[in-house]
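Below is the file model_15.cif, which contains mmCIF, C-alpha atoms.
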data_query
loop_
_atom_site.label_atom_id
_atom_site.label_comp_id
_atom_site.auth_asym_id
_atom_site.auth_seq_id
_atom_site.Cartn_x
_atom_site.Cartn_y
_atom_site.Cartn_z
CA MET T 105 33.88 125.56 -47.64
CA ARG T 106 36.67 127.05 -49.69
CA TRP T 107 36.66 130.57 -48.30
CA PRO T 108 39.19 129.80 -45.50
CA ARG T 109 41.66 128.59 -48.13
CA ARG T 110 41.07 131.69 -50.27
CA VAL T 111 41.63 133.95 -47.27
CA MET T 112 44.81 132.11 -46.30
CA ALA T 113 46.11 132.26 -49.87
CA ARG T 114 45.86 136.03 -50.10
CA PRO T 115 48.87 138.22 -49.24
CA GLY T 116 48.68 138.91 -45.54
CA GLY T 117 45.81 136.44 -45.14
CA ARG T 118 47.58 134.29 -42.56
CA ALA T 119 48.69 137.36 -40.64
CA ALA T 120 45.13 138.69 -40.53
CA VAL T 121 43.77 135.35 -39.32
CA ALA T 122 46.55 135.09 -36.74
CA VAL T 123 45.77 138.56 -35.38
CA CYS T 124 42.07 137.64 -35.11
CA LEU T 125 42.86 134.40 -33.30
CA VAL T 126 45.23 136.02 -30.83
CA THR T 127 42.80 138.88 -30.18
CA ALA T 128 39.86 136.54 -29.65
CA THR T 129 41.91 134.35 -27.30
CA ALA T 130 43.14 137.35 -25.31
CA VAL T 131 39.61 138.78 -24.99
CA PHE T 132 38.27 135.42 -23.82
CA LEU T 133 41.02 134.95 -21.24
CA ALA T 134 40.58 138.50 -19.95
CA THR T 135 36.81 138.37 -19.60
CA VAL T 136 35.46 134.82 -19.18
CA PRO T 137 37.60 132.59 -16.88
CA LEU T 138 37.79 133.48 -13.20
CA PHE T 139 41.13 135.17 -12.48
CA ARG T 140 42.83 133.45 -9.54
CA GLY T 141 44.94 136.43 -8.56
CA PHE T 142 48.24 134.49 -8.56
CA PHE T 143 47.06 132.96 -5.29
CA ASP T 144 49.53 130.08 -5.20
CA ILE T 145 52.56 132.16 -6.03
CA GLY T 146 51.36 134.43 -3.21
CA VAL T 147 51.54 131.46 -0.84
CA TYR T 148 55.06 130.62 -2.06
CA TYR T 149 56.14 134.25 -1.75
CA GLY T 150 54.69 134.67 1.73
CA ALA T 151 56.04 131.38 3.11
CA VAL T 152 59.56 131.94 1.78
CA GLY T 153 59.55 135.58 2.94
CA GLU T 154 58.41 134.57 6.43
CA TRP T 155 61.09 131.87 6.51
CA VAL T 156 63.95 134.10 5.38
CA HIS T 157 63.14 137.53 6.79
CA HIS T 158 61.30 136.74 9.99
CA GLY T 159 62.73 133.40 11.06
CA GLY T 160 59.38 131.72 10.65
CA ARG T 161 58.60 128.09 10.01
CA ILE T 162 57.64 127.25 6.44
CA TYR T 163 54.65 125.08 7.31
CA ASP T 164 53.22 127.44 9.93
CA TYR T 165 52.62 130.20 7.39
CA LEU T 166 49.04 130.70 6.20
CA SER T 167 47.96 133.00 3.40
CA PRO T 168 46.24 136.01 5.04
CA GLY T 169 42.54 135.42 5.53
CA THR T 170 42.72 131.74 4.57
CA ARG T 171 43.73 128.40 6.03
CA TYR T 172 46.00 127.55 3.11
CA GLY T 173 49.74 127.31 3.52
CA PHE T 174 52.83 125.90 1.85
CA THR T 175 52.22 122.22 0.97
CA TYR T 176 55.29 121.17 -1.04
CA PRO T 177 58.43 119.42 0.25
CA PRO T 178 61.12 121.65 1.80
CA PHE T 179 63.29 121.53 -1.34
CA ALA T 180 60.53 123.40 -3.16
CA ALA T 181 60.93 126.25 -0.68
CA VAL T 182 64.70 126.13 -1.15
CA SER T 183 64.32 126.41 -4.93
CA MET T 184 62.04 129.41 -4.41
CA LEU T 185 64.48 131.29 -2.14
CA PRO T 186 65.25 133.94 -4.81
CA MET T 187 61.66 135.15 -4.38
CA ALA T 188 62.63 136.52 -0.97
CA LEU T 189 65.04 138.95 -2.64
CA VAL T 190 62.60 140.67 -5.01
CA PRO T 191 59.37 142.69 -4.68
CA TRP T 192 56.00 140.98 -5.24
CA PRO T 193 55.45 142.27 -8.81
CA VAL T 194 58.88 141.03 -9.83
CA ALA T 195 58.19 137.62 -8.27
CA VAL T 196 54.96 137.37 -10.28
CA ALA T 197 56.71 138.44 -13.49
CA ILE T 198 59.45 135.85 -12.98
CA GLY T 199 56.89 133.15 -12.29
CA VAL T 200 54.95 133.97 -15.45
CA LEU T 201 58.13 134.13 -17.52
CA LEU T 202 59.28 130.71 -16.28
CA GLY T 203 55.85 129.32 -17.11
CA VAL T 204 56.06 130.74 -20.64
CA VAL T 205 59.53 129.26 -21.17
CA ALA T 206 58.37 125.87 -19.89
CA SER T 207 55.31 126.06 -22.16
CA VAL T 208 57.43 126.78 -25.24
CA LEU T 209 59.68 123.81 -24.49
CA VAL T 210 56.78 121.45 -23.79
CA LEU T 211 54.92 122.46 -26.97
CA ARG T 212 58.06 122.24 -29.10
CA TRP T 213 58.91 118.77 -27.79
CA LEU T 214 55.36 117.45 -28.00
CA LEU T 215 54.06 119.01 -31.22
CA GLY T 216 57.13 120.03 -33.21
CA PRO T 217 57.34 116.69 -35.07
CA ALA T 218 53.66 116.81 -36.11
CA VAL T 219 54.05 120.38 -37.39
CA ARG T 220 56.99 119.32 -39.54
CA ARG T 221 55.50 116.01 -40.67
CA GLU T 222 52.22 117.61 -41.73
CA ALA T 223 54.11 120.47 -43.43
CA TRP T 224 52.00 123.06 -41.66
CA HIS T 225 53.03 126.69 -42.18
CA GLY T 226 55.58 127.22 -39.41
CA TRP T 227 54.81 130.44 -37.56
CA PHE T 228 51.08 130.30 -38.29
CA ALA T 229 50.83 126.74 -36.97
CA TRP T 230 52.49 127.81 -33.73
CA VAL T 231 50.12 130.76 -33.36
CA VAL T 232 47.14 128.39 -33.64
CA ILE T 233 48.75 125.90 -31.25
CA GLY T 234 49.57 128.68 -28.78
CA CYS T 235 45.98 129.91 -28.78
CA LEU T 236 44.60 126.39 -28.25
CA PHE T 237 47.15 125.85 -25.49
CA GLY T 238 46.18 129.08 -23.73
CA LEU T 239 42.48 128.17 -23.78
CA PHE T 240 43.09 124.77 -22.15
CA GLU T 241 41.63 125.09 -18.64
CA PRO T 242 44.49 123.44 -16.70
CA VAL T 243 46.98 125.70 -18.51
CA ARG T 244 45.10 128.94 -17.99
CA ASP T 245 44.55 128.06 -14.31
CA THR T 246 48.23 127.22 -13.90
CA PHE T 247 49.13 130.73 -15.03
CA SER T 248 46.24 132.34 -13.15
CA PHE T 249 47.24 130.69 -9.87
CA GLY T 250 50.97 131.10 -10.49
CA GLN T 251 51.48 127.34 -10.21
CA VAL T 252 54.64 125.30 -10.95
CA ASN T 253 52.94 122.52 -12.93
CA LEU T 254 54.34 123.34 -16.37
CA LEU T 255 57.87 123.58 -15.01
CA LEU T 256 57.55 120.05 -13.62
CA VAL T 257 56.18 118.74 -16.92
CA ALA T 258 59.13 120.33 -18.72
CA LEU T 259 61.61 118.68 -16.31
CA VAL T 260 60.07 115.24 -16.88
CA LEU T 261 59.94 115.66 -20.67
CA ALA T 262 63.57 116.79 -20.62
CA ASP T 263 64.45 113.33 -19.31
CA ALA T 264 62.29 111.75 -22.01
CA ARG T 265 64.27 113.77 -24.54
CA LEU T 266 67.56 112.52 -23.13
CA LEU T 267 66.35 108.92 -23.32
CA ALA T 268 65.24 109.40 -26.91
CA THR T 269 68.52 110.85 -28.09
CA GLY T 270 70.64 108.17 -26.45
CA ARG T 271 72.11 110.63 -23.91
CA ARG T 272 70.97 108.42 -21.07
CA ARG T 273 73.83 109.28 -18.76
CA TYR T 274 71.99 112.29 -17.34
CA ALA T 275 68.46 110.97 -17.76
CA GLY T 276 66.64 110.87 -14.44
CA ILE T 277 67.90 114.18 -13.11
CA GLY T 278 64.83 116.08 -14.31
CA ILE T 279 62.43 113.52 -12.84
CA GLY T 280 64.39 113.54 -9.58
CA LEU T 281 64.24 117.34 -9.30
CA ALA T 282 60.53 117.37 -10.15
CA THR T 283 59.91 114.74 -7.44
CA ALA T 284 61.87 116.77 -4.88
CA VAL T 285 59.69 119.81 -5.63
CA LYS T 286 56.38 117.92 -5.67
CA LEU T 287 55.70 114.25 -4.95
CA THR T 288 53.34 113.52 -7.86
CA PRO T 289 56.13 113.06 -10.49
CA ALA T 290 57.61 110.24 -8.35
CA LEU T 291 55.51 107.82 -10.42
CA PHE T 292 57.86 108.49 -13.33
CA ILE T 293 60.60 106.82 -11.29
CA GLY T 294 58.31 103.81 -11.19
CA TYR T 295 57.95 104.07 -14.97
CA LEU T 296 61.72 103.94 -15.37
CA LEU T 297 61.85 100.85 -13.14
CA ILE T 298 59.06 98.83 -14.78
CA THR T 299 60.47 99.57 -18.24
CA GLY T 300 63.96 98.36 -17.35
CA ARG T 301 65.79 101.70 -17.00
CA ARG T 302 67.26 100.83 -13.62
CA ARG T 303 70.23 103.16 -13.95
CA GLN T 304 68.01 106.11 -14.83
CA ALA T 305 65.64 105.22 -11.97
CA ALA T 306 68.63 105.22 -9.62
CA VAL T 307 69.73 108.62 -10.93
CA ALA T 308 66.23 110.01 -10.41
CA THR T 309 65.97 108.54 -6.92
CA GLY T 310 69.45 109.77 -6.00
CA THR T 311 68.72 113.25 -7.31
CA ALA T 312 65.47 113.48 -5.35
CA ALA T 313 67.16 112.15 -2.22
CA ALA T 314 70.12 114.53 -2.53
CA ALA T 315 67.84 117.54 -3.03
CA THR T 316 65.69 116.47 -0.06
CA LEU T 317 68.78 115.97 2.12
CA PHE T 318 70.12 119.38 1.10
CA ALA T 319 66.87 120.99 2.23
CA ALA T 320 67.03 119.03 5.50
CA VAL T 321 70.52 120.34 6.19
CA LEU T 322 69.38 123.93 5.59
CA ASP T 323 66.35 123.59 7.87
CA PRO T 324 66.06 120.30 9.80
CA GLY T 325 62.93 121.49 11.61
CA ALA T 326 61.05 122.22 8.41
CA SER T 327 61.93 118.83 6.95
CA ARG T 328 60.87 117.04 10.11
CA ASP T 329 57.63 119.03 10.17
CA PHE T 330 56.80 118.19 6.55
CA TRP T 331 57.55 114.47 6.60
CA THR T 332 55.92 113.80 9.98
CA ARG T 333 52.93 116.19 9.93
CA ALA T 334 52.26 118.46 6.95
CA LEU T 335 52.48 115.68 4.33
CA TRP T 336 49.68 113.73 5.98
CA ASP T 337 47.40 116.68 6.65
CA THR T 338 45.34 116.83 3.46
CA GLY T 339 43.19 119.54 5.01
CA ARG T 340 46.05 121.98 4.40
CA VAL T 341 45.33 121.92 0.67
CA GLY T 342 41.54 122.03 0.85
CA GLU T 343 38.54 119.70 1.00
CA LEU T 344 39.03 116.35 -0.73
CA GLY T 345 35.45 116.48 -1.97
CA TYR T 346 35.81 119.93 -3.53
CA VAL T 347 34.81 119.75 -7.19
CA SER T 348 38.24 120.89 -8.37
CA ASN T 349 39.76 117.67 -7.01
CA GLN T 350 39.67 115.55 -10.17
CA SER T 351 41.29 112.42 -8.77
CA VAL T 352 39.89 109.05 -7.75
CA GLN T 353 39.93 110.23 -4.14
CA GLY T 354 37.94 113.29 -5.19
CA VAL T 355 35.27 111.09 -6.77
CA LEU T 356 35.00 108.92 -3.65
CA SER T 357 34.82 111.97 -1.38
CA ARG T 358 31.99 113.47 -3.43
CA LEU T 359 30.11 110.18 -3.41
CA ARG T 360 30.42 109.86 0.36
CA PRO T 361 30.86 113.35 1.88
CA GLY T 362 32.55 113.27 5.25
CA ASP T 363 33.89 109.74 4.77
CA THR T 364 37.56 109.73 3.76
CA GLY T 365 37.31 106.06 2.75
CA HIS T 366 41.05 105.37 2.79
CA ALA T 367 40.65 101.60 2.31
CA VAL T 368 38.41 102.01 -0.75
CA TRP T 369 40.73 104.66 -2.19
CA LEU T 370 43.76 102.41 -1.73
CA MET T 371 42.01 99.57 -3.56
CA CYS T 372 40.98 101.86 -6.41
CA ALA T 373 44.49 103.32 -6.60
CA ALA T 374 45.95 99.81 -6.74
CA VAL T 375 43.68 98.94 -9.68
CA VAL T 376 44.66 102.15 -11.50
CA LEU T 377 48.35 101.41 -10.94
CA ALA T 378 47.93 97.83 -12.18
CA VAL T 379 46.30 99.08 -15.39
CA TRP T 380 49.03 101.72 -15.77
CA ALA T 381 51.84 99.19 -15.29
CA TYR T 382 50.31 96.82 -17.85
CA ARG T 383 49.77 99.52 -20.46
CA ALA T 384 53.10 101.27 -19.84
CA ARG T 385 55.02 98.04 -20.34
CA ALA T 386 52.97 97.33 -23.46
CA ALA T 387 53.85 100.78 -24.78
CA VAL T 388 57.56 100.15 -24.37
CA ARG T 389 57.32 96.65 -25.84
CA CYS T 390 55.89 98.09 -29.03
CA GLY T 391 58.39 100.96 -28.98
CA ASP T 392 56.02 103.80 -28.10
CA ASP T 393 57.86 105.46 -25.23
CA ARG T 394 55.96 108.67 -25.86
CA ALA T 395 52.70 106.93 -24.93
CA GLY T 396 54.42 105.37 -21.92
CA PHE T 397 55.30 108.78 -20.50
CA ALA T 398 51.79 110.04 -21.30
CA LEU T 399 50.18 107.09 -19.50
CA THR T 400 52.32 107.75 -16.44
CA GLY T 401 51.14 111.35 -16.27
CA LEU T 402 47.51 110.17 -16.42
CA ALA T 403 48.01 107.58 -13.67
CA ALA T 404 49.78 110.10 -11.43
CA CYS T 405 46.77 112.42 -11.64
CA LEU T 406 44.35 109.62 -10.82
CA VAL T 407 46.12 108.12 -7.80
CA SER T 408 47.18 111.38 -6.18
CA PRO T 409 44.86 112.17 -3.23
CA VAL T 410 44.50 115.71 -4.53
CA THR T 411 44.55 116.59 -8.23
CA TRP T 412 43.24 120.10 -8.73
CA VAL T 413 42.09 121.05 -12.22
CA HIS T 414 45.32 122.96 -12.87
CA HIS T 415 47.31 119.78 -12.16
CA LEU T 416 45.78 118.22 -15.27
CA VAL T 417 48.48 119.71 -17.48
CA TRP T 418 49.84 116.17 -17.12
CA VAL T 419 47.02 115.13 -19.49
CA LEU T 420 48.56 117.17 -22.33
CA PRO T 421 51.03 114.48 -23.53
CA ALA T 422 48.17 111.96 -23.79
CA LEU T 423 46.05 114.38 -25.82
CA VAL T 424 49.00 114.94 -28.15
CA VAL T 425 49.40 111.18 -28.62
CA LEU T 426 45.69 110.94 -29.46
CA VAL T 427 45.82 113.83 -31.94
CA ASP T 428 49.00 112.53 -33.55
CA THR T 429 47.41 109.10 -34.02
CA ALA T 430 44.32 110.66 -35.61
CA LEU T 431 46.37 112.78 -38.00
CA ARG T 432 48.41 109.88 -39.39
CA ARG T 433 47.12 108.63 -42.73
CA ASP T 434 46.21 105.03 -43.38
CA GLY T 435 47.14 103.02 -46.47
CA GLY T 436 44.50 104.87 -48.46
CA GLY T 437 45.81 108.28 -47.45
CA ARG T 438 42.88 108.98 -45.13
CA ARG T 439 43.05 110.39 -41.63
CA ASN T 440 41.03 108.92 -38.77
CA GLY T 441 38.05 111.29 -38.84
CA ARG T 442 36.25 109.70 -35.91
CA LEU T 443 39.33 109.94 -33.73
CA LEU T 444 39.84 113.57 -34.74
CA THR T 445 36.24 114.27 -33.72
CA LEU T 446 36.86 112.57 -30.39
CA CYS T 447 40.01 114.66 -29.86
CA ALA T 448 38.06 117.85 -30.53
CA ALA T 449 35.28 116.79 -28.14
CA LEU T 450 37.71 115.96 -25.33
CA TYR T 451 39.54 119.24 -25.83
CA VAL T 452 36.29 121.25 -25.69
CA VAL T 453 35.23 119.51 -22.47
CA LEU T 454 38.64 120.13 -20.88
CA CYS T 455 38.35 123.81 -21.79
CA SER T 456 34.75 124.22 -20.71
CA SER T 457 35.03 124.39 -16.89
CA VAL T 458 32.02 122.07 -16.90
CA VAL T 459 32.86 120.53 -13.52
CA TRP T 460 32.27 123.89 -11.82
CA LEU T 461 28.54 123.62 -12.56
CA TRP T 462 28.42 121.27 -9.56
CA ARG T 463 30.54 123.46 -7.29
CA ASP T 464 27.74 123.91 -4.73
CA ASP T 465 26.06 120.52 -5.04
CA SER T 466 27.88 117.46 -6.34
CA THR T 467 25.23 114.89 -5.42
CA GLY T 468 22.93 112.98 -7.75
CA PRO T 469 23.35 110.98 -10.98
CA GLY T 470 24.03 114.05 -13.12
CA ALA T 471 26.74 115.21 -10.74
CA LEU T 472 28.35 111.76 -10.79
CA VAL T 473 29.01 112.29 -14.49
CA GLY T 474 29.46 116.05 -14.69
CA SER T 475 31.38 116.90 -11.52
CA ASN T 476 33.87 114.12 -12.27
CA ALA T 477 34.06 114.68 -16.04
CA TYR T 478 37.82 115.22 -16.08
CA VAL T 479 38.36 112.05 -14.03
CA TRP T 480 36.38 109.99 -16.54
CA ILE T 481 38.38 111.49 -19.41
CA THR T 482 41.66 110.71 -17.65
CA LEU T 483 40.54 107.14 -16.91
CA GLY T 484 39.38 106.65 -20.49
CA LEU T 485 42.72 107.80 -21.85
CA LEU T 486 44.59 105.53 -19.43
CA VAL T 487 42.63 102.50 -20.59
CA ALA T 488 42.31 103.24 -24.31
CA LEU T 489 45.18 105.54 -25.36
CA PRO T 490 46.38 104.20 -28.74
CA LEU T 491 49.83 102.63 -28.84
CA ARG T 492 51.76 102.89 -32.09
CA ALA T 493 53.97 99.90 -32.83
CA THR T 494 57.26 101.09 -34.26
CA ALA T 495 59.55 98.10 -33.83
CA PRO T 496 59.63 94.42 -32.88
CA ASP T 497 59.47 93.47 -29.21
CA ARG T 498 62.88 93.67 -27.61
CA ALA T 499 64.67 94.42 -24.37
CA PRO T 500 64.77 98.10 -23.37
CA ASP T 501 68.50 98.17 -22.65
CA ARG T 502 69.65 97.45 -26.22
CA PRO T 503 70.66 100.09 -28.76
CA VAL T 504 67.82 102.41 -29.69
CA VAL T 505 66.94 104.87 -32.39
CA ALA T 506 64.48 107.71 -32.10
CA ASP T 507 61.44 107.60 -34.36
CA GLU T 508 60.22 110.53 -36.43
CA ALA T 509 58.55 111.95 -33.34
CA GLY T 510 61.85 111.73 -31.53
CA TRP T 511 60.68 109.31 -28.84
CA ARG T 512 62.67 106.25 -27.87
CA ARG T 513 62.05 103.44 -30.34
CA PRO T 514 63.59 100.04 -29.56
CA GLY T 515 64.79 98.54 -32.78
CA THR T 516 67.85 97.70 -34.79
CA VAL T 517 71.12 99.53 -34.41
CA PRO T 518 71.10 102.53 -36.75
CA PRO T 519 73.66 102.47 -39.54
CA HIS T 520 74.98 105.84 -38.38
CA PRO T 521 74.30 108.06 -35.37
CA VAL T 522 70.92 109.76 -35.13
CA PRO T 523 71.58 113.51 -35.49
CA GLU T 524 70.81 115.42 -32.31
CA ALA T 525 69.05 118.14 -34.29
CA SER T 526 66.33 115.81 -35.58
CA PRO T 527 62.74 116.62 -34.52
CA LEU T 528 61.46 116.14 -30.94
CA LYS T 529 64.01 113.96 -29.27
CA THR T 530 61.81 113.34 -26.26
#

Show me this structure written as structure tokens.
Amino acid sequence: MRWPRRVMARPGGRAAVAVCLVTATAVFLATVPLFRGFFDIGVYYGAVGEWVHHGGRIYDYLSPGTRYGFTYPPFAAVSMLPMALVPWPVAVAIGVLLGVVASVLVLRWLLGPAVRREAWHGWFAWVVIGCLFGLFEPVRDTFSFGQVNLLLVALVLADARLLATGRRRYAGIGIGLATAVKLTPALFIGYLLITGRRRQAAVATGTAAAATLFAAVLDPGASRDFWTRALWDTGRVGELGYVSNQSVQGVLSRLRPGDTGHAVWLMCAAVVLAVWAYRARAAVRCGDDRAGFALTGLAACLVSPVTWVHHLVWVLPALVVLVDTALRRDGGGRRNGRLLTLCAALYVVLCSSVVWLWRDDSTGPGALVGSNAYVWITLGLLVALPLRATAPDRAPDRPVVADEAGWRRPGTVPPHPVPEASPLKT
């Protein structure tokens, strides 16, 4: 089919295609997916407003007409204090704007090197990427709910960028702040530890602890309430067996409704963490730090008791690793067509909302596959995500040089400093 090339070659051809893509994406987003009404940002706004203006307790607030309240650590409420100073529409606008900024940073860090390496047309490539990004179900739900997921991903990848560029002095601060806002990113502290970055792990732990202590000083009662009661009450966030919970615990809860099965979940989580530790260390040994961070995001989603569909933005780095591997040419100049097909299939499934077909009934063999589809994809990526060897095995604390994707590559000392402006220093 040569007509796409002929269209693109004409004056204004790319612009016309870009307008069509953006229009089609906007129409789809406006008409097909269920709009969540910025529900989560409404919970944040209400809880912080009750806390500041009415002397309420953060974890006693419930969204009107529901049993859902604020579920994050107290520092998250502290970081959201500015919301108490602005009207609701302004709070929503700020939340969306922050999500857009975080999205731009995440996409630039993850995909910028591939765009440059493949010599794709700059602005047009980013239009296509932006449309594909917006259609991704976890992303569109993050914006629809008004969630903080993309901000946390950006904080973690900022630390990856610091590690890649050799500016390790401040690495760990982003992971520490993300952990203080939400506990799931704490696994990245574990990643720093098992890969030998003890100083960075200490910085991350110290940052999280300092932020948590700061929140405790501001409101000791709220901190005591969270760490002794709210943290352990999973009912505050919804039913573990609800189809949106795409974690190992979610699978177990759907298999055995009404049985929390903590012992079985702990054993499964231990197996997942063992696989993650093995593969993460292997990634660093072969110099593929990018895959190491991606594997950690996958494992965090799997072992968390609750991983709603919109939390699966942590799968994005792994998908990028898979796509990047498929795009690289072999010795004969050929791309990996089968892997590209697999990437497309996984992307389509993760955009399809297929798990919601079993929203009302998640029992039976078909439901075991379909209602847990995103869990199986996440598990598959954890076990089989390709690792790209870039340097001989060596200790992680020796001099490093970023590879063409800008991720940390253990290797020989570079003959001159790596320029900070080189592509994707994550």

Can you turn the PyMOL selection byres ((chain T and resi 136) around 12) into a concrete residue list for this file, as a CSV table (one decimal) with C-alpha atoms, in the frame of the given file?
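The file below, expr.csv, is the result:
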chain,number,residue,atom,x,y,z
T,128,ALA,CA,39.9,136.5,-29.6
T,129,THR,CA,41.9,134.4,-27.3
T,130,ALA,CA,43.1,137.4,-25.3
T,131,VAL,CA,39.6,138.8,-25.0
T,132,PHE,CA,38.3,135.4,-23.8
T,133,LEU,CA,41.0,135.0,-21.2
T,134,ALA,CA,40.6,138.5,-20.0
T,135,THR,CA,36.8,138.4,-19.6
T,137,PRO,CA,37.6,132.6,-16.9
T,138,LEU,CA,37.8,133.5,-13.2
T,139,PHE,CA,41.1,135.2,-12.5
T,239,LEU,CA,42.5,128.2,-23.8
T,241,GLU,CA,41.6,125.1,-18.6
T,244,ARG,CA,45.1,128.9,-18.0
T,455,CYS,CA,38.4,123.8,-21.8
T,456,SER,CA,34.8,124.2,-20.7
T,457,SER,CA,35.0,124.4,-16.9

Could you state the separation of CA of Val388 in chain T and CA of Gly437 in chain T in Å, given to one decimal place?
27.1 Å

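The space between CA of Pro490 in chain T and CA of Val260 in chain T spans 21.2 Å.
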
Determine the residue membership of the PyMOL selection byres ((chain T and resi 275) around 6) for the file above and supply it as a PyMOL selection string.
chain T and resi 263+266+272-274+276-277+304

Determine the residue membership of the PyMOL selection byres ((chain T and resi 341-355) around 6) for the file above and supply it as a list in words.
Thr338, Gly339, Arg340, Leu356, Ser357, Arg358, Trp369, Leu406, Pro409, Val410, Thr411, Trp412, Val413, Arg463 and Val479 of chain T

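The closest residue to Leu443 in chain T, picked from T:Leu489, T:Ala315, T:Ser327, T:Ala403 and counting only C-alpha atoms, is T:Leu489.
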
What's the separation between CA of Ile298 in chain T and CA of Val424 in chain T, in Å to one decimal place?
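One can read the CA of Ile298 in chain T to CA of Val424 in chain T distance as 23.2 Å.
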
So, with all atoms listed in the file as the atoms that count, which of T:Gly325, T:Gly234, T:Gly226, T:Pro193 lies closest to Ile162 in chain T?
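Closest residue, counting all atoms listed in the file: T:Gly325.
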
I'd like to know which of T:Gly250, T:Pro177, T:Pro217, T:Gly169 is closest to Ala197 in chain T, using only C-alpha atoms.
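Ranking T:Gly250, T:Pro177, T:Pro217, T:Gly169 by distance to Ala197 in chain T, first place goes to T:Gly250.
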
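With all atoms listed in the file as the basis for measurement, T:Leu454 is the residue among T:Leu431, T:Leu454, T:Ala384, T:Val152 that approaches Gly474 in chain T most closely.
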